[in-house]
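File shown here: run03.cif, holding mmCIF, C-alpha atoms, pLDDT in the B column; chains and numbers go by the auth columns.
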data_coords
#
loop_
_atom_site.group_PDB
_atom_site.id
_atom_site.type_symbol
_atom_site.label_atom_id
_atom_site.label_comp_id
_atom_site.label_asym_id
_atom_site.label_seq_id
_atom_site.Cartn_x
_atom_site.Cartn_y
_atom_site.Cartn_z
_atom_site.B_iso_or_equiv
_atom_site.auth_seq_id
_atom_site.auth_asym_id
ATOM 1 C CA MET A 1 -27.771 -49.388 47.903 52.00 464 J
ATOM 2 C CA ASN A 2 -28.477 -48.460 51.510 64.00 465 J
ATOM 3 C CA TRP A 3 -28.164 -44.680 51.507 65.00 466 J
ATOM 4 C CA SER A 4 -28.218 -44.493 55.292 64.00 467 J
ATOM 5 C CA THR A 5 -24.804 -46.149 55.460 67.00 468 J
ATOM 6 C CA LEU A 6 -23.417 -43.313 53.319 72.00 469 J
ATOM 7 C CA LEU A 7 -25.383 -40.368 54.689 77.00 470 J
ATOM 8 C CA ILE A 8 -24.949 -41.066 58.408 73.00 471 J
ATOM 9 C CA PRO A 9 -21.113 -40.801 58.383 73.00 472 J
ATOM 10 C CA VAL A 10 -21.380 -37.594 56.324 78.00 473 J
ATOM 11 C CA ILE A 11 -23.864 -36.114 58.804 78.00 474 J
ATOM 12 C CA GLN A 12 -21.696 -37.213 61.729 76.00 475 J
ATOM 13 C CA ALA A 13 -18.619 -35.616 60.165 77.00 476 J
ATOM 14 C CA ALA A 14 -20.490 -32.376 59.402 80.00 477 J
ATOM 15 C CA ILE A 15 -21.786 -32.105 62.961 79.00 478 J
ATOM 16 C CA LEU A 16 -18.380 -32.918 64.426 79.00 479 J
ATOM 17 C CA VAL A 17 -16.475 -30.409 62.290 80.00 480 J
ATOM 18 C CA ASN A 18 -18.922 -27.554 62.841 83.00 481 J
ATOM 19 C CA VAL A 19 -19.265 -28.126 66.580 83.00 482 J
ATOM 20 C CA MET A 20 -15.495 -28.319 67.045 82.00 483 J
ATOM 21 C CA LEU A 21 -14.831 -25.187 64.979 82.00 484 J
ATOM 22 C CA ILE A 22 -17.459 -23.174 66.853 86.00 485 J
ATOM 23 C CA ALA A 23 -16.181 -24.480 70.191 86.00 486 J
ATOM 24 C CA ALA A 24 -12.623 -23.528 69.228 84.00 487 J
ATOM 25 C CA ALA A 25 -13.754 -20.012 68.294 85.00 488 J
ATOM 26 C CA TYR A 26 -15.390 -19.442 71.668 87.00 489 J
ATOM 27 C CA MET A 27 -12.514 -21.034 73.581 87.00 490 J
ATOM 28 C CA VAL A 28 -10.173 -18.535 71.911 86.00 491 J
ATOM 29 C CA LEU A 29 -12.577 -15.750 72.871 88.00 492 J
ATOM 30 C CA ALA A 30 -12.672 -16.999 76.468 88.00 493 J
ATOM 31 C CA GLU A 31 -8.867 -17.124 76.536 85.00 494 J
ATOM 32 C CA ARG A 32 -8.659 -13.537 75.296 87.00 495 J
ATOM 33 C CA LYS A 33 -11.201 -12.397 77.897 89.00 496 J
ATOM 34 C CA VAL A 34 -9.320 -14.079 80.737 88.00 497 J
ATOM 35 C CA ALA A 35 -5.979 -12.734 79.495 86.00 498 J
ATOM 36 C CA ALA A 36 -7.466 -9.231 79.367 89.00 499 J
ATOM 37 C CA TRP A 37 -8.804 -9.603 82.912 90.00 500 J
ATOM 38 C CA ILE A 38 -5.418 -10.801 84.197 88.00 501 J
ATOM 39 C CA GLN A 39 -3.609 -7.942 82.442 87.00 502 J
ATOM 40 C CA ASN A 40 -6.135 -5.328 83.666 88.00 503 J
ATOM 41 C CA ARG A 41 -7.292 -4.275 80.199 88.00 504 J
ATOM 42 C CA ILE A 42 -10.404 -4.472 78.068 85.00 505 J
ATOM 43 C CA GLY A 43 -10.686 -7.555 75.894 83.00 506 J
ATOM 44 C CA PRO A 44 -12.779 -7.994 72.725 86.00 507 J
ATOM 45 C CA ASN A 45 -15.997 -6.022 73.234 86.00 508 J
ATOM 46 C CA ARG A 46 -16.906 -4.343 69.932 85.00 509 J
ATOM 47 C CA VAL A 47 -18.250 -7.061 67.618 85.00 510 J
ATOM 48 C CA GLY A 48 -21.614 -8.281 68.866 82.00 511 J
ATOM 49 C CA PRO A 49 -22.889 -8.157 72.463 86.00 512 J
ATOM 50 C CA TRP A 50 -19.949 -8.401 74.879 84.00 513 J
ATOM 51 C CA GLY A 51 -17.723 -9.161 71.888 84.00 514 J
ATOM 52 C CA LEU A 52 -19.233 -12.610 71.354 85.00 515 J
ATOM 53 C CA PHE A 53 -18.838 -12.434 67.552 87.00 516 J
ATOM 54 C CA GLN A 54 -15.203 -11.287 67.606 87.00 517 J
ATOM 55 C CA SER A 55 -13.825 -14.737 66.743 85.00 518 J
ATOM 56 C CA PHE A 56 -16.079 -14.991 63.687 86.00 519 J
ATOM 57 C CA ALA A 57 -15.006 -11.507 62.570 89.00 520 J
ATOM 58 C CA ASP A 58 -11.377 -12.581 62.897 87.00 521 J
ATOM 59 C CA VAL A 59 -11.987 -15.684 60.783 85.00 522 J
ATOM 60 C CA PHE A 60 -13.762 -13.590 58.131 87.00 523 J
ATOM 61 C CA LYS A 61 -10.857 -11.128 58.112 88.00 524 J
ATOM 62 C CA LEU A 62 -8.309 -13.927 57.711 85.00 525 J
ATOM 63 C CA TYR A 63 -10.372 -15.450 54.911 85.00 526 J
ATOM 64 C CA LEU A 64 -10.205 -12.189 52.945 88.00 527 J
ATOM 65 C CA LYS A 65 -6.514 -11.550 53.538 86.00 528 J
ATOM 66 C CA GLU A 66 -4.008 -12.218 50.788 82.00 529 J
ATOM 67 C CA ASP A 67 -2.279 -15.589 51.026 79.00 530 J
ATOM 68 C CA ILE A 68 1.392 -14.685 50.685 81.00 531 J
ATOM 69 C CA VAL A 69 3.564 -17.574 49.509 82.00 532 J
ATOM 70 C CA PRO A 70 7.356 -17.203 49.284 82.00 533 J
ATOM 71 C CA ALA A 71 8.561 -17.032 45.685 82.00 534 J
ATOM 72 C CA ALA A 72 10.869 -20.034 46.034 83.00 535 J
ATOM 73 C CA ALA A 73 8.453 -22.142 48.084 85.00 536 J
ATOM 74 C CA ASP A 74 6.966 -25.454 47.024 85.00 537 J
ATOM 75 C CA ARG A 75 3.353 -24.318 46.672 85.00 538 J
ATOM 76 C CA THR A 76 1.861 -27.798 46.895 86.00 539 J
ATOM 77 C CA PHE A 77 3.451 -28.725 50.211 86.00 540 J
ATOM 78 C CA HIS A 78 3.164 -25.160 51.504 85.00 541 J
ATOM 79 C CA ALA A 79 -0.626 -25.365 51.106 86.00 542 J
ATOM 80 C CA MET A 80 -0.744 -28.942 52.392 87.00 543 J
ATOM 81 C CA ALA A 81 0.987 -28.187 55.716 87.00 544 J
ATOM 82 C CA PRO A 82 -1.888 -26.355 57.501 85.00 545 J
ATOM 83 C CA VAL A 83 -4.404 -28.840 56.096 87.00 546 J
ATOM 84 C CA ILE A 84 -2.513 -31.691 57.766 86.00 547 J
ATOM 85 C CA SER A 85 -2.467 -29.956 61.149 83.00 548 J
ATOM 86 C CA ILE A 86 -6.172 -29.041 61.058 83.00 549 J
ATOM 87 C CA ALA A 87 -7.361 -32.370 59.661 85.00 550 J
ATOM 88 C CA VAL A 88 -5.448 -34.379 62.258 84.00 551 J
ATOM 89 C CA ALA A 89 -6.726 -32.208 65.114 81.00 552 J
ATOM 90 C CA ILE A 90 -10.363 -32.619 64.035 81.00 553 J
ATOM 91 C CA THR A 91 -9.984 -36.346 63.275 81.00 554 J
ATOM 92 C CA ALA A 92 -8.856 -37.010 66.845 79.00 555 J
ATOM 93 C CA TYR A 93 -12.298 -35.899 68.071 80.00 556 J
ATOM 94 C CA ALA A 94 -13.978 -38.557 65.911 79.00 557 J
ATOM 95 C CA ILE A 95 -12.693 -41.237 68.280 82.00 558 J
ATOM 96 C CA ILE A 96 -14.239 -39.734 71.414 80.00 559 J
ATOM 97 C CA PRO A 97 -17.481 -41.472 72.521 79.00 560 J
ATOM 98 C CA TRP A 98 -19.577 -38.370 73.150 76.00 561 J
ATOM 99 C CA MET A 99 -22.683 -40.147 74.430 72.00 562 J
ATOM 100 C CA ASP A 100 -24.657 -43.379 74.189 69.00 563 J
ATOM 101 C CA SER A 101 -26.262 -44.358 70.909 69.00 564 J
ATOM 102 C CA VAL A 102 -29.552 -42.808 69.796 68.00 565 J
ATOM 103 C CA THR A 103 -32.420 -45.023 68.632 69.00 566 J
ATOM 104 C CA ILE A 104 -34.508 -43.740 65.713 67.00 567 J
ATOM 105 C CA ASP A 105 -37.287 -45.923 64.262 69.00 568 J
ATOM 106 C CA GLY A 106 -35.831 -48.949 66.009 69.00 569 J
ATOM 107 C CA VAL A 107 -32.355 -48.393 64.569 67.00 570 J
ATOM 108 C CA SER A 108 -29.506 -47.506 66.924 67.00 571 J
ATOM 109 C CA TYR A 109 -27.113 -44.760 65.808 65.00 572 J
ATOM 110 C CA SER A 110 -23.924 -43.708 67.522 66.00 573 J
ATOM 111 C CA LEU A 111 -22.860 -40.061 67.642 65.00 574 J
ATOM 112 C CA SER A 112 -19.217 -41.147 67.496 70.00 575 J
ATOM 113 C CA MET A 113 -17.721 -41.927 64.103 71.00 576 J
ATOM 114 C CA ALA A 114 -15.488 -44.662 65.535 70.00 577 J
ATOM 115 C CA PRO A 115 -17.342 -45.997 68.591 65.00 578 J
ATOM 116 C CA ASN A 116 -16.026 -48.737 70.853 72.00 579 J
ATOM 117 C CA MET A 117 -12.533 -48.914 69.341 77.00 580 J
ATOM 118 C CA ASP A 118 -10.315 -51.296 71.335 80.00 581 J
ATOM 119 C CA VAL A 119 -7.155 -49.176 70.961 82.00 582 J
ATOM 120 C CA ALA A 120 -8.844 -45.769 70.877 81.00 583 J
ATOM 121 C CA LEU A 121 -6.417 -44.118 73.286 83.00 584 J
ATOM 122 C CA LEU A 122 -3.386 -45.227 71.256 83.00 585 J
ATOM 123 C CA VAL A 123 -5.018 -44.022 68.047 83.00 586 J
ATOM 124 C CA MET A 124 -5.744 -40.637 69.617 83.00 587 J
ATOM 125 C CA LEU A 125 -2.154 -40.215 70.815 82.00 588 J
ATOM 126 C CA ALA A 126 -0.914 -41.244 67.373 82.00 589 J
ATOM 127 C CA MET A 127 -3.209 -38.797 65.576 82.00 590 J
ATOM 128 C CA THR A 128 -2.183 -35.872 67.761 79.00 591 J
ATOM 129 C CA SER A 129 1.464 -36.727 67.116 80.00 592 J
ATOM 130 C CA VAL A 130 1.004 -36.569 63.339 83.00 593 J
ATOM 131 C CA GLY A 131 0.144 -32.861 63.626 80.00 594 J
ATOM 132 C CA VAL A 132 3.850 -32.223 64.154 83.00 595 J
ATOM 133 C CA TYR A 133 4.459 -33.023 60.482 84.00 596 J
ATOM 134 C CA GLY A 134 2.350 -30.049 59.425 85.00 597 J
ATOM 135 C CA ILE A 135 4.636 -27.665 61.340 84.00 598 J
ATOM 136 C CA ALA A 136 7.829 -29.228 59.994 86.00 599 J
ATOM 137 C CA LEU A 137 6.453 -29.370 56.437 88.00 600 J
ATOM 138 C CA ALA A 138 5.474 -25.688 56.556 86.00 601 J
ATOM 139 C CA GLY A 139 9.021 -24.653 57.466 86.00 602 J
ATOM 140 C CA TRP A 140 10.663 -26.962 54.947 88.00 603 J
ATOM 141 C CA SER A 141 8.371 -26.103 52.024 89.00 604 J
ATOM 142 C CA SER A 142 9.073 -22.365 52.444 87.00 605 J
ATOM 143 C CA ASN A 143 12.560 -23.030 51.035 85.00 606 J
ATOM 144 C CA ASN A 144 14.038 -20.606 53.544 84.00 607 J
ATOM 145 C CA LYS A 145 16.588 -21.542 56.187 85.00 608 J
ATOM 146 C CA TYR A 146 15.038 -19.265 58.796 84.00 609 J
ATOM 147 C CA SER A 147 11.557 -20.716 58.230 83.00 610 J
ATOM 148 C CA LEU A 148 13.047 -24.211 58.411 85.00 611 J
ATOM 149 C CA MET A 149 14.747 -23.442 61.739 85.00 612 J
ATOM 150 C CA GLY A 150 11.521 -21.954 63.088 82.00 613 J
ATOM 151 C CA GLY A 151 9.546 -25.017 62.047 83.00 614 J
ATOM 152 C CA LEU A 152 12.128 -27.340 63.589 84.00 615 J
ATOM 153 C CA ARG A 153 12.057 -25.378 66.838 82.00 616 J
ATOM 154 C CA SER A 154 8.268 -25.656 67.052 80.00 617 J
ATOM 155 C CA THR A 155 8.486 -29.337 66.144 82.00 618 J
ATOM 156 C CA ALA A 156 11.120 -29.975 68.817 81.00 619 J
ATOM 157 C CA GLN A 157 8.935 -28.437 71.498 79.00 620 J
ATOM 158 C CA MET A 158 5.862 -30.429 70.470 78.00 621 J
ATOM 159 C CA ILE A 159 7.780 -33.707 70.284 81.00 622 J
ATOM 160 C CA SER A 160 9.572 -33.160 73.602 81.00 623 J
ATOM 161 C CA TYR A 161 6.294 -33.346 75.522 81.00 624 J
ATOM 162 C CA GLU A 162 4.815 -36.335 73.682 81.00 625 J
ATOM 163 C CA LEU A 163 6.533 -38.930 75.899 82.00 626 J
ATOM 164 C CA SER A 164 5.427 -37.252 79.121 85.00 627 J
ATOM 165 C CA MET A 165 1.860 -36.978 77.865 84.00 628 J
ATOM 166 C CA GLY A 166 1.786 -40.660 76.916 83.00 629 J
ATOM 167 C CA LEU A 167 3.246 -41.771 80.247 85.00 630 J
ATOM 168 C CA SER A 168 0.727 -39.657 82.180 85.00 631 J
ATOM 169 C CA ALA A 169 -2.046 -41.831 80.720 84.00 632 J
ATOM 170 C CA VAL A 170 -0.436 -45.088 81.869 84.00 633 J
ATOM 171 C CA GLY A 171 -1.890 -44.724 85.375 82.00 634 J
ATOM 172 C CA VAL A 172 -5.405 -44.486 83.935 82.00 635 J
ATOM 173 C CA LEU A 173 -4.800 -47.582 81.823 84.00 636 J
ATOM 174 C CA MET A 174 -3.536 -49.525 84.831 84.00 637 J
ATOM 175 C CA ILE A 175 -6.665 -48.617 86.818 83.00 638 J
ATOM 176 C CA CYS A 176 -9.172 -49.300 84.027 82.00 639 J
ATOM 177 C CA GLY A 177 -7.290 -52.147 82.360 82.00 640 J
ATOM 178 C CA SER A 178 -8.337 -51.081 78.861 82.00 641 J
ATOM 179 C CA LEU A 179 -7.350 -48.804 75.999 83.00 642 J
ATOM 180 C CA ASN A 180 -10.987 -48.478 74.971 83.00 643 J
ATOM 181 C CA LEU A 181 -12.357 -45.019 75.789 83.00 644 J
ATOM 182 C CA VAL A 182 -15.831 -46.477 76.300 81.00 645 J
ATOM 183 C CA ASP A 183 -14.494 -48.830 78.991 82.00 646 J
ATOM 184 C CA ILE A 184 -12.618 -45.953 80.645 83.00 647 J
ATOM 185 C CA ILE A 185 -15.773 -43.821 80.740 81.00 648 J
ATOM 186 C CA ARG A 186 -17.836 -46.714 82.103 83.00 649 J
ATOM 187 C CA TYR A 187 -15.270 -47.240 84.863 83.00 650 J
ATOM 188 C CA GLN A 188 -15.547 -43.559 85.697 81.00 651 J
ATOM 189 C CA MET A 189 -19.354 -43.786 85.829 79.00 652 J
ATOM 190 C CA GLU A 190 -19.281 -46.839 88.096 80.00 653 J
ATOM 191 C CA HIS A 191 -16.465 -45.865 90.470 78.00 654 J
ATOM 192 C CA GLY A 192 -16.364 -42.085 90.265 72.00 655 J
ATOM 193 C CA TRP A 193 -13.331 -40.079 89.246 68.00 656 J
ATOM 194 C CA ASN A 194 -11.300 -37.134 90.446 65.00 657 J
ATOM 195 C CA VAL A 195 -7.773 -35.782 90.138 60.00 658 J
ATOM 196 C CA PHE A 196 -6.738 -37.429 93.414 67.00 659 J
ATOM 197 C CA TYR A 197 -6.720 -40.852 91.736 72.00 660 J
ATOM 198 C CA GLN A 198 -3.590 -39.854 89.830 79.00 661 J
ATOM 199 C CA PRO A 199 -2.525 -36.400 91.108 82.00 662 J
ATOM 200 C CA LEU A 200 0.977 -36.484 89.587 85.00 663 J
ATOM 201 C CA ALA A 201 -0.311 -37.765 86.241 84.00 664 J
ATOM 202 C CA PHE A 202 -2.987 -35.042 86.249 84.00 665 J
ATOM 203 C CA ILE A 203 -0.390 -32.299 86.740 87.00 666 J
ATOM 204 C CA ILE A 204 1.927 -33.789 84.096 88.00 667 J
ATOM 205 C CA PHE A 205 -0.890 -34.115 81.584 86.00 668 J
ATOM 206 C CA LEU A 206 -2.086 -30.547 82.231 86.00 669 J
ATOM 207 C CA VAL A 207 1.405 -29.126 81.711 87.00 670 J
ATOM 208 C CA THR A 208 2.128 -31.202 78.610 86.00 671 J
ATOM 209 C CA ALA A 209 -1.260 -30.363 77.085 82.00 672 J
ATOM 210 C CA LEU A 210 -0.504 -26.648 77.417 82.00 673 J
ATOM 211 C CA ALA A 211 2.970 -27.163 75.995 81.00 674 J
ATOM 212 C CA GLU A 212 1.629 -29.196 73.055 77.00 675 J
ATOM 213 C CA THR A 213 -0.661 -26.356 71.998 75.00 676 J
ATOM 214 C CA ASN A 214 2.113 -23.743 72.368 73.00 677 J
ATOM 215 C CA ARG A 215 -0.002 -21.663 74.714 74.00 678 J
ATOM 216 C CA ALA A 216 1.436 -19.367 77.387 72.00 679 J
ATOM 217 C CA PRO A 217 3.779 -19.872 79.172 74.00 680 J
ATOM 218 C CA PHE A 218 4.947 -22.413 76.565 74.00 681 J
ATOM 219 C CA ASP A 219 4.605 -20.072 73.568 72.00 682 J
ATOM 220 C CA LEU A 220 8.324 -20.014 72.795 67.00 683 J
ATOM 221 C CA PRO A 221 7.891 -20.931 69.076 64.00 684 J
ATOM 222 C CA GLU A 222 6.052 -17.649 68.521 66.00 685 J
ATOM 223 C CA ALA A 223 9.299 -15.799 69.375 62.00 686 J
ATOM 224 C CA GLU A 224 7.476 -12.607 70.290 60.00 687 J
ATOM 225 C CA PRO A 225 10.523 -10.885 71.897 62.00 688 J
ATOM 226 C CA GLU A 226 12.600 -11.703 68.821 60.00 689 J
ATOM 227 C CA LEU A 227 9.911 -10.424 66.480 55.00 690 J
ATOM 228 C CA VAL A 228 9.697 -7.170 68.427 50.00 691 J
#
Using structure tokens, write down the structure that the file contains.
Amino acid sequence: MNWSTLLIPVIQAAILVNVMLIAAAYMVLAERKVAAWIQNRIGPNRVGPWGLFQSFADVFKLYLKEDIVPAAADRTFHAMAPVISIAVAITAYAIIPWMDSVTIDGVSYSLSMAPNMDVALLVMLAMTSVGVYGIALAGWSSNNKYSLMGGLRSTAQMISYELSMGLSAVGVLMICGSLNLVDIIRYQMEHGWNVFYQPLAFIIFLVTALAETNRAPFDLPEAEPELV
């Protein structure tokens, strides 16, 4: 048995998951810092120098908090819902060709888990769309009509922007003539790239990406005024 064929994907997955989780933690911290600056207040600044460890403290706090499950909920699907959303989000990054292959002892290794996939862009759009099921499943498995309506509202918002996001990528496909992310990146390296190639598609993609993640000003599913 060639152990390298088993160990390399495991190492790739471990690196990918840890890098993405750490990057997400610091992107949340950066968002909180910018929001504090815009709102003329002090952001996270207590945990670590300049508040750099605040995201890790938040994760540790959430890990220790009690997991409250509604009495009438389906516990299996209720626990499965967030796993689906997180797993799909991380899996989408496995398709991205991060850099060229690395040669070690004459053997070439790729840092991407699925390098040079012919329909990589379609697979990525499909994977990001599956995350909607986690939101809908969470509301349905709670066995509560209000949770179900909340999940459906979040699902409706995420689905409503999927078509616009997919169409915004059509211009890039027409220019590059390929669904392969490696070919798209090579075209960018050879011909250069900026937002003026597809200005309308760039704006549409930026807006739909914000709406997909339910970030401000598209954070309607959080229902903060209603909660207050």
- prompt: Which is closer to Thr671 (chain J) than all the others in J:Gly640, J:Gly629, J:Gly634, J:Pro533, using all atoms listed in the file?
  reply: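 The closest residue to Thr671 (chain J) is J:Gly629.
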field: Residues selected by the PyMOL selection byres ((chain J and resi 630) around 12), written as number ranges by chain
entry: J: 585, 588, 624-629, 631-637, 661, 663-665, 667-668, 671
With 6 Å of padding per side, what axis-aligned box (centre and edge lengths, Å, one decimal) covers all the listed atoms of region 617-631 of chain J? Give it as lines of an AutoDock Vina configuration file.
center_x = 5.9
center_y = -33.7
center_z = 74.2
size_x = 22.4
size_y = 28.1
size_z = 28.0
Excluding region 497-507 of chain J and any residue of its chain fewer than 2 positions from it, enumerate the residues within 12 Å of it, using only C-alpha atoms, and give them as a PDB file with C-alpha atoms, keeping the file's coordinate frame.
ATOM      1  CA  TYR J 489     -15.390 -19.442  71.668  1.00 87.00           C
ATOM      2  CA  MET J 490     -12.514 -21.034  73.581  1.00 87.00           C
ATOM      3  CA  VAL J 491     -10.173 -18.535  71.911  1.00 86.00           C
ATOM      4  CA  LEU J 492     -12.577 -15.750  72.871  1.00 88.00           C
ATOM      5  CA  ALA J 493     -12.672 -16.999  76.468  1.00 88.00           C
ATOM      6  CA  GLU J 494      -8.867 -17.124  76.536  1.00 85.00           C
ATOM      7  CA  ARG J 495      -8.659 -13.537  75.296  1.00 87.00           C
ATOM      8  CA  ARG J 509     -16.906  -4.343  69.932  1.00 85.00           C
ATOM      9  CA  VAL J 510     -18.250  -7.061  67.618  1.00 85.00           C
ATOM     10  CA  GLY J 511     -21.614  -8.281  68.866  1.00 82.00           C
ATOM     11  CA  PRO J 512     -22.889  -8.157  72.463  1.00 86.00           C
ATOM     12  CA  TRP J 513     -19.949  -8.401  74.879  1.00 84.00           C
ATOM     13  CA  GLY J 514     -17.723  -9.161  71.888  1.00 84.00           C
ATOM     14  CA  LEU J 515     -19.233 -12.610  71.354  1.00 85.00           C
ATOM     15  CA  PHE J 516     -18.838 -12.434  67.552  1.00 87.00           C
ATOM     16  CA  GLN J 517     -15.203 -11.287  67.606  1.00 87.00           C
ATOM     17  CA  SER J 518     -13.825 -14.737  66.743  1.00 85.00           C
ATOM     18  CA  PHE J 519     -16.079 -14.991  63.687  1.00 86.00           C
ATOM     19  CA  ALA J 520     -15.006 -11.507  62.570  1.00 89.00           C
ATOM     20  CA  ASP J 521     -11.377 -12.581  62.897  1.00 87.00           C
ATOM     21  CA  ARG J 678      -0.002 -21.663  74.714  1.00 74.00           C
ATOM     22  CA  ALA J 679       1.436 -19.367  77.387  1.00 72.00           C
TER      23      ALA J 679
END
- line: Min atom-atom distance to Asp581 (chain J) from the set J:Ala542, J:Ile553, J:Ile558, J:Ile478, counting all atoms listed in the file, belongs to J:Ile558
message: Restricting the calculation to all atoms listed in the file: of J:Val546, J:Leu584, J:Leu469, J:Val482, which residue gets closest to Ile598 (chain J)?
response: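 Closest to Ile598 (chain J) of all the choices is J:Val546.
If you count only C-alpha atoms and ignore residues fewer than 2 places along the chain from Ile547 (chain J), what sits within 8 Å of it is Met543, Ala544, Pro545, Ile549, Ala550, Val551, Gly594, Tyr596 and Gly597 of chain J.
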field: Residue contacts of Asn481 (chain J) (12 Å, all atoms listed in the file) excluding same-chain residues fewer than 6 positions away, as an MDAnalysis selection string
entry: chainID J and resid 474:475 487:488 553 556
task: Return the single residue from J:Ala555, J:Met483, J:Lys524, J:Pro560 that is closest to Arg649 (chain J), with distances computed using all atoms listed in the file.
output: J:Pro560
query: For the atom pair CA of Leu484 (chain J) and CA of Ile531 (chain J), what is the interatomic distance in Å to one decimal place?
result: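 Taking CA of Leu484 (chain J) and CA of Ile531 (chain J), their separation equals 24.0 Å.
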- request: For Thr618 (chain J), please output as a PyMOL selection string all residues within 8 Å (counting all atoms listed in the file; exclusion window: fewer than 3 positions along the same chain).
  value: chain J and resi 595-596+598-599+614-615+621-622
- prompt: Which of these, J:Val480, J:Met576, J:Met587, J:Leu470, has the shortest distance to Leu642 (chain J) once you count all atoms listed in the file?
  reply: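 Of the candidates, the smallest distance to Leu642 (chain J) is held by J:Met587.
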task: Find the residues around Ala557 (chain J) up to 9 Å (all atoms listed in the file counted), leave out those fewer than 5 positions away in its own chain, and share them as a ChimeraX atom specification.
output: /J:475-476,479,575-578
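CA of Ile647 (chain J) is positioned 11.2 Å from CA of Ile559 (chain J).
Distance-wise, CA of Ile648 (chain J) and CA of Ala583 (chain J) end up 12.2 Å apart.
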- request: I would like the residues chosen by the PyMOL selection byres ((chain J and resi 603) around 10) on the shown file; could you give them as number ranges by chain?
  value: J: 536-537, 540-541, 544, 597-602, 604-615
